[in-house]
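Participant: Here's a structure for you.
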Amino acid sequence: MSQRQAGKSLIVQGDQTIFLEVEQPLFKQLRERLSRFAELEKSPRYVHVYRMTPFSLWNAAASGVSAGDILEFLSANSKYPVPRNVRNEILKVIARYGQVKLVRSGEELRLTTTFPGAIEAIRNAKNLDEFFVGGYSEAGVEPSNGGPLTERRLSLAVNPEHRGSVKIALTEIGFPVEDVAGYQDGAALAVPLNDSDADGGPFRLRPYQREAVDAFYDAGRSTGGSGVVVLPCGAGKTIVAIGALHRVGCQGLILTTNTTALRQWKRELLSKTQLDPELVGEYSGERKEIRPVTITTYQMLTYRHRKTKDFVHYKLFTAKKWGLVVYDEVHLLPAPVFRFTAQIQATRRLGLTATLVREDGREAEVFSLVGPKKYDVPWKALESEGWIATADCVVVRTRLDREQLRDYEGLDKREQFRLASENYRKNSIVSTILGRHRQDGVLILGQYLNQLKRLQRELGAPLITGKTANDQRETLYSRFRRGEIPVLIVSKVGNFAVDLPDATVAIQVSGTFGSRQEEAQRLGRILRPKVGGKRAVFYTIITRDTSEQEFAEKRQRFLSEQGYRFEIVEDTLLGNPATVAGGQPFGA
């Protein structure tokens with residue numbers, strides 16, 4: 001093995017994994033730098049494991065990180081020399097980003113490249129011909145030094161309807177397209193911002209929100225106007241979208257996750273801007289308003305009477321000359337909307353999310369169709385500046401009793417996970433935790449309705465599920481905000497875009513297998529800053545030595561990457577005054 005370099009914290013492997021030692025003075029700084037071009041795979045106590053992928057490297061390149069930047073960082077901090085094959089792969093993958101471009105040439109949309117590897121890949125690909133108009137045009141290009149015509153340029157006319165499809169296809173063969181063809185202006189609409197909020201306080205974009213809008217819009221250049229802004233829950237992604245609408249000055253279509261979120265968006269738009277209420281429309285199951293700014297849900301867009309029928313509400317995409325389409329919680333973008341998004345590439349697109357992680361591996365489609373990551377900020381950076389609450393993460397482990405354990409061992413993997421998740425011992429743990437937080441607003445979050453209904457009966461707390469009418473949800477959320485309801489039980493419908501600023505504690509009793517984005521969203525429910533700087537507490541109750549424990553560790557990876565540490569407490573210690581979580585003893 002190559003000679004070890006003293007005082008370094010990284011080990012770079014030949015398979016493009018990177019090991020980062022946790023107990024090092026520069027751990028936080030190194031973690032932040034690594035997350036710009038590598039994905040966290042595992043986060044055990046002493047060593048975190050990252051992996052570089054084409055997607056992670058392309059996102060880095062799109063945000064201005066060069067291969068030289070990455071290699072210099074790795075070389076400066078690695079215990080051993082960076083393997084030659086890894087160096088070559090970083091150089092090759094980063095070099096491919098931007099070598100193929102979509103440009104506007106008069107009235108034509110053209111795909112162009114002078115990169116030899118791309119030329120050969122495009123010529124040999126069997127699934128690309130349908131996207132092009134006419135034949136291949138290839139010509140010599142005169143080098144800048146005036147030498148002979150040795151460089152080739154490939155130029156292809158692209159059918160505008162396939163602008164998104166060709167980007168997906170080229171990403172799949174390893175050549176992500178840089179789209180600099182620009183966007184239609186859209187119908188003009190002034191969106192003036194208010195000087196004060198609805199409660200009379202001053203309103204202005206925070207510094208990082210302004211930076212996000214600037215990065216997205218890029219001074220109106222062809223390189224700006226499509227992409228994803230990644231910010232923690234509670235950091236005001238809605239405000240970034242409002243700032244983008246203001247900057248673009250055009251009519252906008254906003255797609256979000258559910259009717260509750262839709263109405264929250266509407267409230268924010270009307271309180272933060274001077275838009276006339278008549279200009280803001282709700283397109284939902286209850287109302288069908290198409291206005292200069294229209295807000296709808298993914299569920300509405302994907303609705304059809306039968307699987308063999310057309311989507312009923314896709315007309316929304318062409319109903320007006322939109323200048324901006326906003327995709328809230330873009331990591332959840334459903335497959336049918338992916339397909340239609342491929343057809344509206346001439347419209348500016350803004351994706352908003354707390355994490356680009358998708359458990360189905362379709363991050364590349366978000367990259368191709370909505371755009372690359374334009375702005376990202378570490379959660380802990382915003383926490384240190386007071387923009388989001390400080391949160392303690394506590395994992396409480398319990399066990400199965402003998403009878404449950406016998407049942408568990410005879411089940412398939414899915415049913416084992418469900419039995420462990422619904423472990424009835426969790427109910428008494430919830431009661432103990434509630435006893436510690438009598439003065440706090442507490443959310444109880446879970447996956448399985450039978451489990452949540454049992455908690456509802458035992459605690460006497462209201463329960464919100466997918467079947468709860470929207471008006472009733474709004475009433476319960478409002479009462480919770482006012483402190484009239486101290487405890488609220490919420491199924492998966494509470495994972496996204498719910499404004500619960502007074503929630504200080506979240507208790508997660510079950511989750512969706514290893515979903516990292518769900519874990520991030522649930523923590524986000526309690527991250528709005530608290531009065532007096534009070535700390536938030538995020539409890540997760542799991543059954544140890546089961547598949548639920550394994551999946552819980554996977555769920556926590558993204559938050560571990562953001563710098564959150566999960567304190568583990570056994571249920572047998574819940575009454576021990578020496579056991580600390582959330583800044584106070586459990587038995588206090």
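Following the order of the structure tokens, first chain is A, next is B, and so on, with residues numbered from 1 inside each chain and ligands from 1 in the order they appear.
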Residues near Ala212 (chain A), anyone? I mean within 9 Å using only C-alpha atoms, not counting same-chain ones fewer than 6 positions away, as a list in words.
Facilitator: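 The contact residues come out as Val229, Val230, Val240, Ala244, Lys374, Tyr375 and Asp376 of chain A.
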Participant: Which one is closest to Asn423 (chain A): A:Glu120, A:Asp401, A:Asp276, A:Glu458? Count only C-alpha atoms.
Facilitator: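 Closest to Asn423 (chain A), using only C-alpha atoms: A:Asp401.
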Participant: Ile119 (chain A): which residues within 8 Å, counting only C-alpha atoms, same-chain residues fewer than 5 positions away excluded, as a list in words?
Facilitator: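 After dropping sequence-adjacent residues, the list is Thr113, Thr114 and Leu154 of chain A.
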Participant: Please produce an output containing N, CA and C atoms for each residue in the selection, written as a short mmCIF file (atom, residue, chain, number, x, y, z; two decimals), in the first residue's frame.
Facilitator:
```
data_model
loop_
_atom_site.label_atom_id
_atom_site.label_comp_id
_atom_site.auth_asym_id
_atom_site.auth_seq_id
_atom_site.Cartn_x
_atom_site.Cartn_y
_atom_site.Cartn_z
N THR A 113 -22.27 19.49 -30.37
CA THR A 113 -21.12 19.04 -29.59
C THR A 113 -19.90 18.94 -30.50
N THR A 114 -18.74 19.18 -29.93
CA THR A 114 -17.46 18.93 -30.61
C THR A 114 -16.69 17.84 -29.87
N LEU A 154 -20.78 18.27 -34.36
CA LEU A 154 -22.03 17.61 -34.72
C LEU A 154 -23.17 18.54 -34.34
#
```
Participant: Could you give me the residues within region 58-305 of chain A that DSSP places in alpha helix (DSSP H), as a PyMOL selection string?
Facilitator: chain A and resi 58-62+67-77+84-96+116-124+163-172+207-217+237-248+259-272+298-301
Participant: Using C-alpha atoms, can you export the residues from the last selection as a PDB file, in the first residue's frame?
Facilitator:
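Okay, result-v8.pdb is ready:
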```pdb
ATOM      1  CA  TRP A  58     -22.617  16.233 -12.693  1.00  0.00           C
ATOM      2  CA  ASN A  59     -24.581  18.125 -10.060  1.00  0.00           C
ATOM      3  CA  ALA A  60     -21.269  19.376  -8.696  1.00  0.00           C
ATOM      4  CA  ALA A  61     -20.186  20.476 -12.169  1.00  0.00           C
ATOM      5  CA  ALA A  62     -23.512  22.257 -12.702  1.00  0.00           C
ATOM      6  CA  ALA A  67     -12.589  18.276 -11.502  1.00  0.00           C
ATOM      7  CA  GLY A  68      -9.509  20.180 -10.370  1.00  0.00           C
ATOM      8  CA  ASP A  69     -11.363  21.406  -7.257  1.00  0.00           C
ATOM      9  CA  ILE A  70     -12.376  17.832  -6.348  1.00  0.00           C
ATOM     10  CA  LEU A  71      -8.950  16.304  -6.965  1.00  0.00           C
ATOM     11  CA  GLU A  72      -7.180  19.057  -5.075  1.00  0.00           C
ATOM     12  CA  PHE A  73      -9.501  18.555  -2.085  1.00  0.00           C
ATOM     13  CA  LEU A  74      -9.104  14.765  -2.107  1.00  0.00           C
ATOM     14  CA  SER A  75      -5.336  14.928  -2.499  1.00  0.00           C
ATOM     15  CA  ALA A  76      -4.986  17.437   0.320  1.00  0.00           C
ATOM     16  CA  ASN A  77      -7.050  15.382   2.796  1.00  0.00           C
ATOM     17  CA  ARG A  84      -5.228   6.607 -10.555  1.00  0.00           C
ATOM     18  CA  ASN A  85      -8.462   5.068 -11.837  1.00  0.00           C
ATOM     19  CA  VAL A  86     -10.478   7.334  -9.521  1.00  0.00           C
ATOM     20  CA  ARG A  87      -8.636  10.418 -10.734  1.00  0.00           C
ATOM     21  CA  ASN A  88      -9.290   9.399 -14.330  1.00  0.00           C
ATOM     22  CA  GLU A  89     -12.980   8.725 -13.680  1.00  0.00           C
ATOM     23  CA  ILE A  90     -13.498  12.124 -12.020  1.00  0.00           C
ATOM     24  CA  LEU A  91     -11.797  13.856 -14.941  1.00  0.00           C
ATOM     25  CA  LYS A  92     -13.822  11.873 -17.489  1.00  0.00           C
ATOM     26  CA  VAL A  93     -17.239  12.303 -15.846  1.00  0.00           C
ATOM     27  CA  ILE A  94     -16.845  15.997 -15.052  1.00  0.00           C
ATOM     28  CA  ALA A  95     -15.517  16.642 -18.569  1.00  0.00           C
ATOM     29  CA  ARG A  96     -18.712  15.256 -20.061  1.00  0.00           C
ATOM     30  CA  PRO A 116     -15.468  13.123 -29.964  1.00  0.00           C
ATOM     31  CA  GLY A 117     -16.885  10.653 -27.439  1.00  0.00           C
ATOM     32  CA  ALA A 118     -20.294  12.324 -27.549  1.00  0.00           C
ATOM     33  CA  ILE A 119     -20.325  12.391 -31.345  1.00  0.00           C
ATOM     34  CA  GLU A 120     -19.714   8.659 -31.509  1.00  0.00           C
ATOM     35  CA  ALA A 121     -22.185   7.898 -28.709  1.00  0.00           C
ATOM     36  CA  ILE A 122     -24.955   9.912 -30.378  1.00  0.00           C
ATOM     37  CA  ARG A 123     -24.280   8.322 -33.769  1.00  0.00           C
ATOM     38  CA  ASN A 124     -24.345   4.804 -32.306  1.00  0.00           C
ATOM     39  CA  ARG A 163     -36.511  18.803 -25.758  1.00  0.00           C
ATOM     40  CA  GLY A 164     -36.873  17.013 -22.449  1.00  0.00           C
ATOM     41  CA  SER A 165     -36.843  13.479 -23.854  1.00  0.00           C
ATOM     42  CA  VAL A 166     -33.545  13.968 -25.664  1.00  0.00           C
ATOM     43  CA  LYS A 167     -31.983  15.282 -22.445  1.00  0.00           C
ATOM     44  CA  ILE A 168     -33.089  12.172 -20.540  1.00  0.00           C
ATOM     45  CA  ALA A 169     -31.837   9.870 -23.302  1.00  0.00           C
ATOM     46  CA  LEU A 170     -28.404  11.506 -23.441  1.00  0.00           C
ATOM     47  CA  THR A 171     -28.064  11.481 -19.656  1.00  0.00           C
ATOM     48  CA  GLU A 172     -28.752   7.739 -19.747  1.00  0.00           C
ATOM     49  CA  PRO A 207     -30.002  36.632   2.599  1.00  0.00           C
ATOM     50  CA  TYR A 208     -29.890  32.956   1.623  1.00  0.00           C
ATOM     51  CA  GLN A 209     -33.335  33.198   0.005  1.00  0.00           C
ATOM     52  CA  ARG A 210     -32.122  36.093  -2.154  1.00  0.00           C
ATOM     53  CA  GLU A 211     -29.025  34.068  -3.058  1.00  0.00           C
ATOM     54  CA  ALA A 212     -31.256  31.142  -4.083  1.00  0.00           C
ATOM     55  CA  VAL A 213     -33.405  33.363  -6.330  1.00  0.00           C
ATOM     56  CA  ASP A 214     -30.277  34.903  -7.888  1.00  0.00           C
ATOM     57  CA  ALA A 215     -28.744  31.479  -8.527  1.00  0.00           C
ATOM     58  CA  PHE A 216     -31.957  30.232 -10.131  1.00  0.00           C
ATOM     59  CA  TYR A 217     -32.566  33.263 -12.341  1.00  0.00           C
ATOM     60  CA  LYS A 237     -38.706  27.466   0.186  1.00  0.00           C
ATOM     61  CA  THR A 238     -42.124  28.979  -0.568  1.00  0.00           C
ATOM     62  CA  ILE A 239     -40.584  32.444  -0.148  1.00  0.00           C
ATOM     63  CA  VAL A 240     -37.877  31.531  -2.672  1.00  0.00           C
ATOM     64  CA  ALA A 241     -40.589  30.649  -5.206  1.00  0.00           C
ATOM     65  CA  ILE A 242     -42.399  33.930  -4.502  1.00  0.00           C
ATOM     66  CA  GLY A 243     -39.097  35.740  -5.050  1.00  0.00           C
ATOM     67  CA  ALA A 244     -38.657  33.896  -8.352  1.00  0.00           C
ATOM     68  CA  LEU A 245     -42.177  34.841  -9.496  1.00  0.00           C
ATOM     69  CA  HIS A 246     -41.388  38.446  -8.617  1.00  0.00           C
ATOM     70  CA  ARG A 247     -38.093  38.308 -10.544  1.00  0.00           C
ATOM     71  CA  VAL A 248     -39.509  36.565 -13.628  1.00  0.00           C
ATOM     72  CA  THR A 259     -54.857  20.490  -0.906  1.00  0.00           C
ATOM     73  CA  THR A 260     -53.622  21.552   2.540  1.00  0.00           C
ATOM     74  CA  ALA A 261     -50.297  22.546   1.013  1.00  0.00           C
ATOM     75  CA  LEU A 262     -52.108  24.257  -1.865  1.00  0.00           C
ATOM     76  CA  ARG A 263     -54.002  26.520   0.518  1.00  0.00           C
ATOM     77  CA  GLN A 264     -50.888  27.229   2.528  1.00  0.00           C
ATOM     78  CA  TRP A 265     -49.223  28.391  -0.692  1.00  0.00           C
ATOM     79  CA  LYS A 266     -52.205  30.613  -1.431  1.00  0.00           C
ATOM     80  CA  ARG A 267     -52.058  32.202   2.033  1.00  0.00           C
ATOM     81  CA  GLU A 268     -48.342  32.872   1.627  1.00  0.00           C
ATOM     82  CA  LEU A 269     -48.765  34.403  -1.820  1.00  0.00           C
ATOM     83  CA  LEU A 270     -51.495  36.762  -0.651  1.00  0.00           C
ATOM     84  CA  SER A 271     -49.666  37.773   2.545  1.00  0.00           C
ATOM     85  CA  LYS A 272     -46.227  38.254   0.986  1.00  0.00           C
ATOM     86  CA  TYR A 298     -49.798  16.399  -8.376  1.00  0.00           C
ATOM     87  CA  GLN A 299     -52.836  14.262  -7.598  1.00  0.00           C
ATOM     88  CA  MET A 300     -55.051  16.460  -9.775  1.00  0.00           C
ATOM     89  CA  LEU A 301     -52.601  16.300 -12.669  1.00  0.00           C
TER      90      LEU A 301
END
```
Participant: List every residue of region 27-205 of chain A that DSSP, applied to the backbone, labels as strand (DSSP E), and write the result as a PyMOL selection string.
Facilitator: chain A and resi 39-42+47-51+100-105+108-113+132-141+151-158+177-179
Participant: Which residue out of A:Tyr80, A:Thr53, A:Gln472, A:Gln416 has the minimum interatomic distance to Leu10 (chain A) when only C-alpha atoms are used?
Facilitator: A:Tyr80
Participant: Using only C-alpha atoms, which protein or nucleic acid residues come within 10 Å of Arg339 (chain A)? Drop anything in the same chain fewer than 2 positions from it, and give the result as number ranges by chain.
Facilitator: A: 164-165, 334-337, 341-344, 365, 369
Participant: Per residue of region 459-487 of chain A within 10 Å of region 425-440 of chain A, note the shortest atom pair and the distance in Å to one decimal, counting only C-alpha atoms, and order the rows by chain and increasing residue number, as a Markdown table.
Facilitator:
```
| residue | atom | partner | partner_atom | distance |
| --- | --- | --- | --- | --- |
| A:Leu459 | CA | A:Ser431 | CA | 7.9 |
| A:Gly483 | CA | A:Asp440 | CA | 8.8 |
| A:Pro486 | CA | A:Asp440 | CA | 6.8 |
| A:Val487 | CA | A:Asp440 | CA | 8.5 |
```
Participant: Can you tell me how far CA of Trp322 (chain A) sits from CA of Val103 (chain A), in Å to one decimal?
Facilitator: 21.2 Å
